Structures are given as structure tokens and as C-alpha cells.
>>> print(open('data-v9.txt').read())   # compact mmCIF, C-alpha atoms
# COMPACT_ATOMS: atom_id res chain seq x y z
CA MET A 1 -5.11 -19.07 54.49
CA VAL A 2 -7.24 -15.97 53.92
CA LYS A 3 -10.53 -16.78 52.16
CA ILE A 4 -12.87 -14.67 50.11
CA THR A 5 -15.36 -14.75 53.00
CA ASP A 6 -12.69 -13.18 55.25
CA VAL A 7 -12.23 -10.35 52.76
CA ALA A 8 -16.01 -9.85 52.52
CA ARG A 9 -16.37 -9.69 56.32
CA HIS A 10 -13.46 -7.24 56.62
CA ALA A 11 -14.82 -4.98 53.87
CA GLY A 12 -18.43 -5.21 55.08
CA VAL A 13 -19.73 -6.64 51.80
CA SER A 14 -20.98 -9.98 50.50
CA PRO A 15 -18.58 -12.62 49.08
CA SER A 16 -20.24 -12.17 45.68
CA THR A 17 -19.34 -8.47 45.74
CA VAL A 18 -15.69 -9.37 46.35
CA SER A 19 -15.89 -11.76 43.41
CA TYR A 20 -17.33 -9.03 41.19
CA ALA A 21 -14.58 -6.65 42.28
CA LEU A 22 -11.97 -9.22 41.25
CA SER A 23 -13.52 -10.30 37.97
CA GLY A 24 -15.16 -7.08 36.82
CA LYS A 25 -18.12 -9.12 35.55
CA ARG A 26 -20.66 -6.86 37.23
CA PRO A 27 -20.42 -3.15 38.00
CA ILE A 28 -19.93 -2.07 41.60
CA SER A 29 -19.47 1.42 43.00
CA GLU A 30 -15.99 2.94 43.06
CA GLU A 31 -16.23 3.32 46.83
CA THR A 32 -17.03 -0.37 47.30
CA ARG A 33 -14.30 -1.48 44.92
CA LEU A 34 -11.68 0.61 46.76
CA ARG A 35 -12.84 -0.80 50.10
CA VAL A 36 -12.55 -4.36 48.81
CA GLU A 37 -9.09 -3.71 47.36
CA ALA A 38 -7.94 -2.21 50.66
CA SER A 39 -9.13 -5.33 52.52
CA ILE A 40 -7.39 -7.59 50.02
CA ARG A 41 -4.11 -5.75 50.55
CA GLU A 42 -4.44 -5.63 54.32
CA LEU A 43 -5.32 -9.31 54.68
CA GLY A 44 -2.89 -10.52 52.01
CA TYR A 45 -5.60 -12.38 50.09
CA ARG A 46 -4.55 -14.14 46.87
CA PRO A 47 -7.28 -15.63 44.66
CA HIS A 48 -6.97 -19.34 43.93
CA ALA A 49 -5.45 -19.71 40.45
CA GLY A 50 -8.25 -21.96 39.18
CA ALA A 51 -10.98 -19.68 40.49
CA ARG A 52 -9.23 -16.65 39.05
CA ALA A 53 -9.02 -18.32 35.65
CA LEU A 54 -12.74 -19.14 35.72
CA ALA A 55 -13.60 -15.60 36.74
CA SER A 56 -11.46 -13.87 34.12
CA SER A 57 -11.34 -16.47 31.30
CA ARG A 58 -7.56 -16.26 31.71
CA SER A 59 -5.13 -18.88 32.95
CA ASN A 60 -2.32 -16.41 33.73
CA VAL A 61 0.04 -18.86 32.05
CA LEU A 62 2.32 -18.21 29.07
CA ALA A 63 3.73 -20.97 26.86
CA LEU A 64 7.43 -20.80 25.99
CA VAL A 65 8.03 -22.97 22.94
CA ILE A 66 11.70 -23.99 22.70
CA PRO A 67 12.12 -27.22 20.73
CA LEU A 68 15.45 -28.65 21.91
CA ARG A 69 16.67 -29.73 18.50
CA THR A 70 20.15 -31.04 17.77
CA GLY A 71 22.78 -28.34 17.43
CA ILE A 72 21.12 -26.04 19.95
CA HIS A 73 23.37 -24.78 22.77
CA VAL A 74 21.20 -25.55 25.78
CA PRO A 75 22.92 -23.22 28.32
CA VAL A 76 22.11 -20.19 26.17
CA VAL A 77 18.54 -21.42 25.64
CA MET A 78 18.12 -21.69 29.39
CA GLN A 79 19.22 -18.06 29.78
CA PHE A 80 16.27 -17.10 27.58
CA ALA A 81 13.96 -19.31 29.64
CA VAL A 82 15.08 -17.80 32.96
CA SER A 83 14.50 -14.29 31.63
CA VAL A 84 11.02 -15.16 30.35
CA VAL A 85 10.00 -16.85 33.63
CA THR A 86 11.35 -14.02 35.79
CA THR A 87 9.60 -11.32 33.79
CA ALA A 88 6.36 -13.28 33.58
CA ARG A 89 6.26 -13.63 37.36
CA ARG A 90 6.50 -9.86 37.70
CA HIS A 91 3.24 -9.79 35.74
CA ASP A 92 1.69 -12.53 37.93
CA HIS A 93 2.00 -15.12 35.13
CA ASP A 94 3.52 -18.59 35.17
CA VAL A 95 5.29 -20.22 32.24
CA LEU A 96 4.62 -23.58 30.59
CA LEU A 97 7.83 -24.79 28.94
CA LEU A 98 7.39 -26.83 25.73
CA THR A 99 10.67 -28.40 24.60
CA GLN A 100 9.62 -31.27 22.35
CA GLU A 101 9.87 -30.99 18.59
CA GLU A 102 6.13 -31.13 17.88
CA GLY A 103 5.79 -28.28 15.37
CA GLU A 104 2.23 -27.32 14.52
CA GLU A 105 0.80 -30.26 16.45
CA GLY A 106 2.25 -29.08 19.75
CA LEU A 107 1.07 -25.51 19.23
CA ARG A 108 -2.42 -26.69 18.29
CA ARG A 109 -2.61 -28.98 21.31
CA VAL A 110 -1.87 -26.10 23.67
CA ALA A 111 -4.00 -23.55 21.82
CA ASP A 112 -7.07 -25.82 21.79
CA THR A 113 -7.10 -25.94 25.59
CA ALA A 114 -7.38 -23.25 28.24
CA LEU A 115 -3.84 -23.99 29.42
CA VAL A 116 -2.22 -20.75 28.26
CA ASP A 117 -3.18 -17.18 27.41
CA ALA A 118 -0.36 -16.50 24.95
CA MET A 119 2.85 -17.95 23.49
CA ILE A 120 6.50 -17.09 22.99
CA VAL A 121 8.04 -19.12 20.16
CA MET A 122 11.78 -19.67 19.72
CA ASP A 123 14.18 -21.46 17.35
CA VAL A 124 12.54 -19.77 14.39
CA GLN A 125 13.31 -20.99 10.88
CA LEU A 126 13.36 -18.79 7.78
CA ASP A 127 10.59 -20.92 6.26
CA ASP A 128 8.96 -21.93 9.53
CA PRO A 129 6.08 -24.45 9.16
CA ARG A 130 4.40 -23.05 12.30
CA LEU A 131 3.68 -19.64 10.76
CA PRO A 132 0.24 -20.30 9.21
CA LEU A 133 -1.06 -21.66 12.51
CA LEU A 134 0.41 -18.79 14.55
CA ARG A 135 -1.31 -16.31 12.24
CA SER A 136 -4.67 -18.08 12.65
CA LEU A 137 -4.70 -18.59 16.43
CA ASP A 138 -6.95 -16.54 18.68
CA ARG A 139 -4.15 -16.29 21.25
CA PRO A 140 -1.40 -13.66 21.05
CA SER A 141 2.12 -14.79 20.23
CA VAL A 142 5.61 -13.31 20.01
CA MET A 143 8.49 -14.92 18.12
CA ILE A 144 12.07 -14.51 19.32
CA GLY A 145 13.48 -14.67 15.81
CA PHE A 146 12.50 -13.50 12.34
CA PRO A 147 11.24 -15.81 9.59
CA ALA A 148 11.75 -14.76 5.98
CA GLU A 149 8.11 -13.61 5.77
CA ALA A 150 7.06 -12.02 9.07
CA ASP A 151 3.84 -10.30 7.93
CA GLY A 152 1.06 -10.61 10.50
CA LEU A 153 3.46 -11.68 13.28
CA THR A 154 5.14 -9.99 16.22
CA CYS A 155 8.89 -10.69 16.19
CA ILE A 156 11.85 -9.58 18.27
CA ASP A 157 15.53 -10.53 18.07
CA LEU A 158 19.08 -9.32 17.97
CA ASP A 159 19.91 -8.01 14.49
CA PHE A 160 22.08 -11.01 13.69
CA LYS A 161 22.90 -9.82 10.16
CA ALA A 162 24.26 -6.57 11.60
CA ALA A 163 26.10 -8.60 14.28
CA GLY A 164 27.91 -10.63 11.62
CA GLU A 165 28.77 -7.44 9.79
CA LEU A 166 30.06 -5.75 12.93
CA CYS A 167 32.48 -8.59 13.69
CA VAL A 168 33.93 -8.44 10.17
CA GLU A 169 34.10 -4.64 10.16
CA ARG A 170 36.19 -4.76 13.34
CA LEU A 171 38.62 -7.23 11.78
CA ALA A 172 38.80 -5.19 8.56
CA GLY A 173 39.47 -2.05 10.60
CA LEU A 174 42.44 -3.80 12.18
CA GLY A 175 43.88 -4.55 8.74
CA HIS A 176 42.91 -8.21 8.39
CA ARG A 177 42.41 -9.24 4.76
CA VAL A 178 41.62 -13.00 5.03
CA VAL A 179 38.80 -14.01 7.38
CA ALA A 180 36.65 -17.04 8.14
CA LEU A 181 33.39 -17.72 9.97
CA VAL A 182 33.30 -20.78 12.21
CA GLY A 183 29.55 -21.21 12.42
CA SER A 184 26.86 -23.27 14.07
CA PRO A 185 26.60 -27.07 13.64
CA PRO A 186 25.61 -28.17 10.11
CA GLU A 187 22.11 -29.27 11.10
CA VAL A 188 21.29 -25.74 12.27
CA TYR A 189 21.85 -24.46 8.71
CA ILE A 190 20.09 -27.44 7.14
CA ARG A 191 16.95 -26.55 9.13
CA GLY A 192 17.18 -22.98 7.87
CA THR A 193 17.45 -21.57 11.40
CA ALA A 194 16.95 -17.84 10.96
CA PHE A 195 19.57 -16.37 13.31
CA ALA A 196 22.37 -18.59 11.97
CA GLN A 197 21.52 -17.84 8.35
CA ARG A 198 21.48 -14.10 9.04
CA VAL A 199 24.93 -14.19 10.66
CA VAL A 200 26.25 -15.78 7.45
CA GLN A 201 24.52 -13.08 5.38
CA GLY A 202 26.07 -10.31 7.44
CA PHE A 203 29.52 -11.91 7.52
CA THR A 204 29.56 -12.42 3.75
CA ALA A 205 28.17 -8.95 2.95
CA ALA A 206 30.76 -7.18 5.11
CA ALA A 207 33.62 -9.31 3.78
CA ASP A 208 32.60 -8.55 0.18
CA ARG A 209 32.15 -4.84 0.95
CA ASN A 210 35.66 -4.66 2.39
CA ARG A 211 37.12 -6.87 -0.37
CA LEU A 212 38.28 -9.53 2.06
CA ALA A 213 38.92 -13.15 1.17
CA SER A 214 36.39 -15.11 3.24
CA SER A 215 34.91 -18.54 3.87
CA VAL A 216 32.14 -20.06 6.00
CA HIS A 217 32.61 -23.28 7.97
CA PRO A 218 29.73 -24.93 9.90
CA CYS A 219 31.19 -26.91 12.78
CA GLU A 220 30.00 -29.43 15.34
CA ALA A 221 30.12 -28.15 18.89
CA ALA A 222 32.89 -30.48 20.10
CA PRO A 223 36.61 -30.01 20.93
CA GLY A 224 37.63 -32.57 18.31
CA ALA A 225 35.67 -30.70 15.67
CA ALA A 226 37.39 -27.44 16.67
CA ALA A 227 40.80 -28.98 16.06
CA ALA A 228 39.70 -30.32 12.68
CA VAL A 229 38.21 -27.04 11.48
CA ALA A 230 41.28 -25.06 12.61
CA GLU A 231 43.54 -27.38 10.59
CA GLN A 232 41.20 -27.18 7.59
CA LEU A 233 41.11 -23.39 7.71
CA LEU A 234 44.88 -23.02 7.71
CA ARG A 235 45.24 -25.58 4.93
CA LYS A 236 42.72 -23.81 2.68
CA GLN A 237 43.52 -20.22 3.77
CA PRO A 238 47.19 -20.11 4.82
CA ALA A 239 47.06 -16.29 4.97
CA LEU A 240 44.15 -16.37 7.47
CA THR A 241 44.48 -13.80 10.26
CA GLY A 242 40.86 -13.14 11.36
CA VAL A 243 38.12 -15.50 12.58
CA VAL A 244 34.49 -14.88 13.58
CA VAL A 245 32.99 -17.56 15.85
CA HIS A 246 29.25 -18.17 16.10
CA ASN A 247 29.34 -21.39 18.09
CA GLU A 248 29.61 -20.81 21.84
CA PRO A 249 31.13 -24.15 22.98
CA LEU A 250 34.03 -23.77 20.50
CA LEU A 251 35.58 -20.53 21.78
CA GLU A 252 38.17 -22.04 24.13
CA PRO A 253 38.83 -25.19 22.03
CA LEU A 254 39.45 -23.08 18.92
CA ILE A 255 41.99 -20.87 20.67
CA ASP A 256 43.74 -24.02 21.93
CA ALA A 257 43.64 -25.61 18.46
CA PHE A 258 45.11 -22.59 16.68
CA GLU A 259 47.87 -22.26 19.27
CA GLN A 260 48.75 -25.94 18.86
CA LEU A 261 49.10 -25.19 15.14
CA GLY A 262 51.55 -22.38 15.93
CA LEU A 263 49.29 -19.31 15.85
CA ARG A 264 49.16 -17.00 18.86
CA VAL A 265 45.91 -15.17 19.70
CA PRO A 266 45.93 -12.23 19.07
CA GLY A 267 49.56 -11.93 17.87
CA ASP A 268 49.05 -14.02 14.73
CA LEU A 269 45.28 -14.49 14.68
CA SER A 270 42.43 -12.21 15.83
CA ILE A 271 39.14 -13.76 16.98
CA THR A 272 35.73 -12.15 17.37
CA ALA A 273 32.54 -13.90 18.42
CA ILE A 274 28.78 -13.58 18.84
CA CYS A 275 27.98 -14.93 22.31
CA PRO A 276 26.90 -13.92 25.83
CA ASP A 277 29.27 -11.43 27.47
CA GLU A 278 29.94 -13.67 30.46
CA LEU A 279 31.20 -16.43 28.16
CA ALA A 280 33.45 -14.08 26.17
CA GLU A 281 34.93 -12.75 29.42
CA SER A 282 35.59 -16.21 30.90
CA VAL A 283 37.76 -17.63 28.09
CA ARG A 284 41.51 -17.93 28.74
CA VAL A 285 42.05 -15.17 26.17
CA PRO A 286 38.99 -12.91 26.67
CA VAL A 287 37.24 -12.62 23.32
CA THR A 288 36.14 -9.47 21.50
CA SER A 289 32.45 -10.12 20.99
CA VAL A 290 28.99 -8.96 20.04
CA ALA A 291 26.81 -9.58 23.08
CA LEU A 292 23.92 -12.02 22.84
CA PRO A 293 21.33 -10.17 24.97
CA THR A 294 19.36 -13.15 26.24
CA ALA A 295 17.99 -11.39 29.33
CA GLU A 296 16.78 -8.36 27.39
CA LEU A 297 15.24 -10.42 24.59
CA GLY A 298 13.34 -12.67 26.99
CA ALA A 299 12.08 -9.76 29.08
CA ARG A 300 11.00 -7.67 26.12
CA ALA A 301 9.20 -10.62 24.52
CA VAL A 302 7.11 -10.99 27.69
CA GLU A 303 6.44 -7.24 27.82
CA LEU A 304 5.20 -7.35 24.21
CA LEU A 305 2.86 -10.22 25.11
CA MET A 306 1.51 -8.38 28.14
CA GLN A 307 0.73 -5.37 25.98
CA LYS A 308 -1.02 -7.57 23.42
CA LEU A 309 -3.04 -9.29 26.15
CA GLY A 310 -4.03 -5.84 27.36
CA GLY A 311 -5.37 -4.93 23.92
CA LYS A 312 -2.55 -2.54 23.06
CA THR A 313 -0.88 -2.20 19.67
CA VAL A 314 2.76 -3.30 19.52
CA PRO A 315 5.36 -3.03 16.75
CA ASP A 316 5.49 -5.95 14.33
CA ALA A 317 9.30 -6.00 14.32
CA THR A 318 11.78 -5.18 17.07
CA PHE A 319 15.48 -5.48 16.23
CA LEU A 320 18.05 -5.00 18.99
CA SER A 321 21.17 -3.30 17.65
CA PRO A 322 24.39 -5.29 18.15
CA ARG A 323 27.01 -4.04 20.62
CA LEU A 324 30.65 -5.05 20.23
CA THR A 325 33.03 -5.06 23.20
CA GLU A 326 36.76 -5.04 22.55
CA ARG A 327 38.79 -7.59 24.54
CA ALA A 328 42.19 -9.30 24.35
CA SER A 329 41.56 -11.57 21.34
CA THR A 330 41.91 -8.90 18.64
CA ALA A 331 44.88 -6.84 17.49
CA PRO A 332 46.11 -5.14 14.30
CA ARG A 333 47.24 -7.58 11.63
CA ASN A 334 50.90 -8.49 11.92
CA ALA A 335 51.72 -7.74 8.28
CA PRO A 336 54.82 -9.39 6.80
>>> encode(input="data-v9.txt", output="C-alpha cells")
Amino acid sequence: MVKITDVARHAGVSPSTVSYALSGKRPISEETRLRVEASIRELGYRPHAGARALASSRSNVLALVIPLRTGIHVPVVMQFAVSVVTTARRHDHDVLLLTQEEGEEGLRRVADTALVDAMIVMDVQLDDPRLPLLRSLDRPSVMIGFPAEADGLTCIDLDFKAAGELCVERLAGLGHRVVALVGSPPEVYIRGTAFAQRVVQGFTAAADRNRLASSVHPCEAAPGAAAAVAEQLLRKQPALTGVVVHNEPLLEPLIDAFEQLGLRVPGDLSITAICPDELAESVRVPVTSVALPTAELGARAVELLMQKLGGKTVPDATFLSPRLTERASTAPRNAP
């Protein structure tokens, strides 16, 4: 392993000069700095993480706060995590994953140590109890999600309200007059989870604007629950011809359940969804969907943090516009 003394010998300087070139704590001439950097590259020297943290007062570690609460679809959450980790490594940062539901206590525990330089916070609630602490911390943070009051915070997310609207607008454009939203598990709404609430807002607003009959149905993420909600929908809305799904595990079970009740997709019933593209494409009847851009959201959250750590000004709010892709699950309403 190449040591700092090897770099010093190669560059013809003292080990302390190499240290100053790395940390910037003392001025050295431009010529000396360039010579040291050339030796570092040629020898492949990498500073020890602990020594680097001491020299720069940085740990080069980001915290990713994802409380794995009930009702959360873990495969999608892990897509976010992979994107954050991959992007952080491109910036020479590691990621500390915090999955326990610790709220303010967990954030405070991490912030009061030198473990991390900054934080990305997920599973944001409209009235999130972590907000006062995030506003007061001396470490930068980015939220993937928008609370009701986002002043003084840096937030990024898909525009879920617009996503809900886009799904309904597509169904309305195909002539559907009775629509329903099969939403996230009930506990997600009870917690006031921001993205789920905003999908409902968008769905309802677009249905009202187009004068559609509509209803919202939270649903457990289980095949048995899909069958029950399909039966309930047809009992309460016998003229139903359009469904929006915001519950990834239910896509295939819902199509199966409706077909067992005598409705063909898309001949009798059109389905749209908000989910990752690869999931929408893999269903037996590929589903028209608004993409959930997990990779882009994770990467851009890290980029925002890097800019903040570098002392740059970043926008308070970043909304990603929804993108709908037409697939086999939607068709014009088969009017009687």
C-alpha cells in the first residue's frame, strides 16, 4: 500500500507538505501542489478515510434516512437506495443507511456525532415531526418528498399531484366517465405520507374537472386484498371502466381479479398506474403508467447535497414532471 511518505519521497517534499496539499490547512506554492498531485496520481495513493476526515473535518459519508414503516414497498425503496449509493460513490462518499423508525431521535443521534456530513431524508409526511430539527441542524439535508410547509428546506420529488391528474386525464380522453383510484395501504394515508396524499389530490381534482364519477380506495398490498377491492368497486360503481393504481404489488393481482369478475383489460376496463417503468412493462397486460423515476430522484438528491456541501446555492423545491407511457392496458371506453 502506498503511504504518504512514498508520495513525499516521489515529489521531493516532506510528508507534512503532502498533508497540507491534501487538507489545504496551510498554503503551499502552486508548483509544489501540482507536483504532489502528480505523484499522488502516478503512485495511486488514496488517503486513509479516518486521516482524511481528521484533516478536512469531513467524514465523506452521507446518511440516507428511510424508515421502513408498514405499507412501504421495499423493492422501490431499494431502487432509491441504490441510486443514492451509486451517485455518492462518484463523489467519493459512502452512505450510512438508517432504516429504523426513530424520528427526531435518530436524526439527532447521527447529527451529534461526526458520522455523516449531510443527510437525505425519505418517507416524508405532510406534517412531518422531523422538520424543526432538520431546519436547526448545522448539516445540510435534502428531502425526497414535500411536506405541507417546506420553507427553509431543500426538497425534490416527482410531482405526484400532477401524476394523479395525468392518469385521470388519459382515461377521460379515452371517454371513460366512471373511475376509481386503488391507492396505497391504509396506514400510509393515516400517517399523512406526502406522496400518497398528493396522488389523491391530483386524482380527485382531475376527476372533478372532467366531471367524472370517482372514488378512492386504500388497499393492502396483498393478492387477497386486490380481489376484495375489485369486487367492492364493481358493487359500488357498476359502470366503472377506468382504474388508477398507486400500489405497485397490486398491478397483476388486480388485473387477475377483474378478469375473474368478467371484465377484460382493456376491452371492458382500462388501467393506468404510477410505478417504475420496468414493473409496468413486466405485467401480463403491460400497463399504461406514469414512471416513478427512482434513479433520477436519488441521483439528483445527492447532487443537491454535494452542491450544498460545496457552499453553493440550490433551489428550495425541485419537482420532476410526470411522464406517461401508453401501453396495452388502456383503450377507448366500450360505450353501450
>>> closest_residue(input="data-v9.txt", among="A:Ala11, A:Ala221, A:Val302, A:Val82", to="Arg33 in chain A", atoms="only C-alpha atoms")
A:Ala11
>>> atom_distance(input="data-v9.txt", atom1="CA of Pro266 in chain A", atom2="CA of Leu212 in chain A")
18.8 Å
>>> closest_residue(input="data-v9.txt", among="A:Arg9, A:His217, A:Arg191, A:His73", to="Pro276 in chain A", atoms="all atoms listed in the file")
A:His73
>>> residues_near_point(input="data-v9.txt", point="(-0.7, -19.8, 8.5)", cutoff="12 Å", atoms="all atoms listed in the file", output="list in words")
Glu104, Asp127, Asp128, Pro129, Arg130, Leu131, Pro132, Leu133, Leu134, Arg135, Ser136, Leu137, Glu149, Ala150, Asp151, Gly152 and Leu153 of chain A
>>> closest_residue(input="data-v9.txt", among="A:Ser39, A:Ser16, A:Phe160, A:Leu269", to="Gly202 in chain A", atoms="all atoms listed in the file")
A:Phe160
>>> residues_around(input="data-v9.txt", residues="Val95 in chain A", least_positions_apart="4", cutoff="9 Å", atoms="only C-alpha atoms", output="number ranges by chain")
A: 60-64, 84-85, 88-89, 116
>>> closest_residue(input="data-v9.txt", among="A:Ala172, A:Val283, A:Val290, A:Leu297", to="Ser329 in chain A", atoms="only C-alpha atoms")
A:Val283
>>> build_atoms(input="data-v9.txt", residues="range 25-36 of chain A", atoms="all heavy atoms", output="short mmCIF file (atom, residue, chain, number, x, y, z; two decimals), keeping the file's coordinate frame")
data_model
loop_
_atom_site.label_atom_id
_atom_site.label_comp_id
_atom_site.auth_asym_id
_atom_site.auth_seq_id
_atom_site.Cartn_x
_atom_site.Cartn_y
_atom_site.Cartn_z
N LYS A 25 -16.99 -8.64 36.34
CA LYS A 25 -18.12 -9.12 35.55
C LYS A 25 -19.39 -8.32 35.79
O LYS A 25 -20.28 -8.30 34.93
CB LYS A 25 -18.37 -10.60 35.85
CG LYS A 25 -17.33 -11.51 35.20
CD LYS A 25 -17.80 -12.96 35.20
CE LYS A 25 -16.89 -13.81 34.34
NZ LYS A 25 -17.34 -15.20 34.26
N ARG A 26 -19.50 -7.71 36.96
CA ARG A 26 -20.66 -6.86 37.23
C ARG A 26 -20.18 -5.54 37.81
O ARG A 26 -19.19 -5.50 38.56
CB ARG A 26 -21.61 -7.54 38.22
CG ARG A 26 -22.33 -8.74 37.64
CD ARG A 26 -23.45 -9.19 38.57
NE ARG A 26 -24.09 -10.40 38.10
CZ ARG A 26 -25.08 -11.02 38.72
NH1 ARG A 26 -25.54 -10.52 39.87
NH2 ARG A 26 -25.62 -12.12 38.24
N PRO A 27 -20.87 -4.45 37.49
CA PRO A 27 -20.42 -3.15 38.00
C PRO A 27 -20.70 -3.02 39.50
O PRO A 27 -21.73 -3.46 40.00
CB PRO A 27 -21.28 -2.15 37.20
CG PRO A 27 -22.50 -2.92 36.80
CD PRO A 27 -22.05 -4.34 36.59
N ILE A 28 -19.73 -2.43 40.20
CA ILE A 28 -19.93 -2.07 41.60
C ILE A 28 -19.44 -0.64 41.75
O ILE A 28 -18.68 -0.14 40.91
CB ILE A 28 -19.16 -3.01 42.57
CG1 ILE A 28 -17.66 -2.97 42.28
CG2 ILE A 28 -19.68 -4.44 42.48
CD1 ILE A 28 -16.84 -3.76 43.28
N SER A 29 -19.86 0.02 42.82
CA SER A 29 -19.47 1.42 43.00
C SER A 29 -17.98 1.53 43.24
O SER A 29 -17.33 0.60 43.74
CB SER A 29 -20.24 2.02 44.18
OG SER A 29 -19.76 1.49 45.41
N GLU A 30 -17.41 2.70 42.87
CA GLU A 30 -15.99 2.94 43.06
C GLU A 30 -15.62 2.85 44.54
O GLU A 30 -14.58 2.30 44.90
CB GLU A 30 -15.62 4.32 42.51
CG GLU A 30 -14.15 4.67 42.60
CD GLU A 30 -13.26 3.83 41.66
OE1 GLU A 30 -13.81 3.05 40.85
OE2 GLU A 30 -12.04 3.96 41.76
N GLU A 31 -16.49 3.36 45.40
CA GLU A 31 -16.23 3.32 46.83
C GLU A 31 -16.12 1.89 47.34
O GLU A 31 -15.21 1.54 48.10
CB GLU A 31 -17.34 4.06 47.59
CG GLU A 31 -17.17 4.04 49.10
CD GLU A 31 -18.36 4.64 49.83
OE1 GLU A 31 -19.26 5.18 49.15
OE2 GLU A 31 -18.39 4.55 51.07
N THR A 32 -17.04 1.03 46.87
CA THR A 32 -17.03 -0.37 47.30
C THR A 32 -15.79 -1.09 46.77
O THR A 32 -15.14 -1.87 47.48
CB THR A 32 -18.30 -1.08 46.83
OG1 THR A 32 -19.44 -0.42 47.39
CG2 THR A 32 -18.30 -2.55 47.25
N ARG A 33 -15.46 -0.82 45.51
CA ARG A 33 -14.30 -1.48 44.92
C ARG A 33 -13.02 -1.11 45.68
O ARG A 33 -12.19 -1.97 45.98
CB ARG A 33 -14.15 -1.07 43.45
CG ARG A 33 -13.00 -1.78 42.72
CD ARG A 33 -12.89 -1.32 41.28
NE ARG A 33 -12.58 0.10 41.20
CZ ARG A 33 -11.34 0.59 41.38
NH1 ARG A 33 -10.33 -0.22 41.65
NH2 ARG A 33 -11.13 1.88 41.27
N LEU A 34 -12.88 0.17 46.03
CA LEU A 34 -11.68 0.61 46.76
C LEU A 34 -11.63 -0.03 48.15
O LEU A 34 -10.55 -0.40 48.63
CB LEU A 34 -11.67 2.13 46.86
CG LEU A 34 -11.44 2.89 45.55
CD1 LEU A 34 -11.59 4.39 45.76
CD2 LEU A 34 -10.06 2.57 44.97
N ARG A 35 -12.80 -0.20 48.78
CA ARG A 35 -12.84 -0.80 50.10
C ARG A 35 -12.43 -2.27 50.03
O ARG A 35 -11.68 -2.77 50.87
CB ARG A 35 -14.25 -0.66 50.70
CG ARG A 35 -14.29 -0.97 52.19
CD ARG A 35 -15.53 -0.39 52.87
NE ARG A 35 -16.74 -1.12 52.50
CZ ARG A 35 -17.74 -0.59 51.76
NH1 ARG A 35 -17.66 0.65 51.31
NH2 ARG A 35 -18.81 -1.32 51.48
N VAL A 36 -12.92 -2.96 49.00
CA VAL A 36 -12.55 -4.36 48.81
C VAL A 36 -11.06 -4.49 48.54
O VAL A 36 -10.37 -5.36 49.11
CB VAL A 36 -13.37 -4.99 47.66
CG1 VAL A 36 -12.81 -6.36 47.29
CG2 VAL A 36 -14.84 -5.10 48.04
#
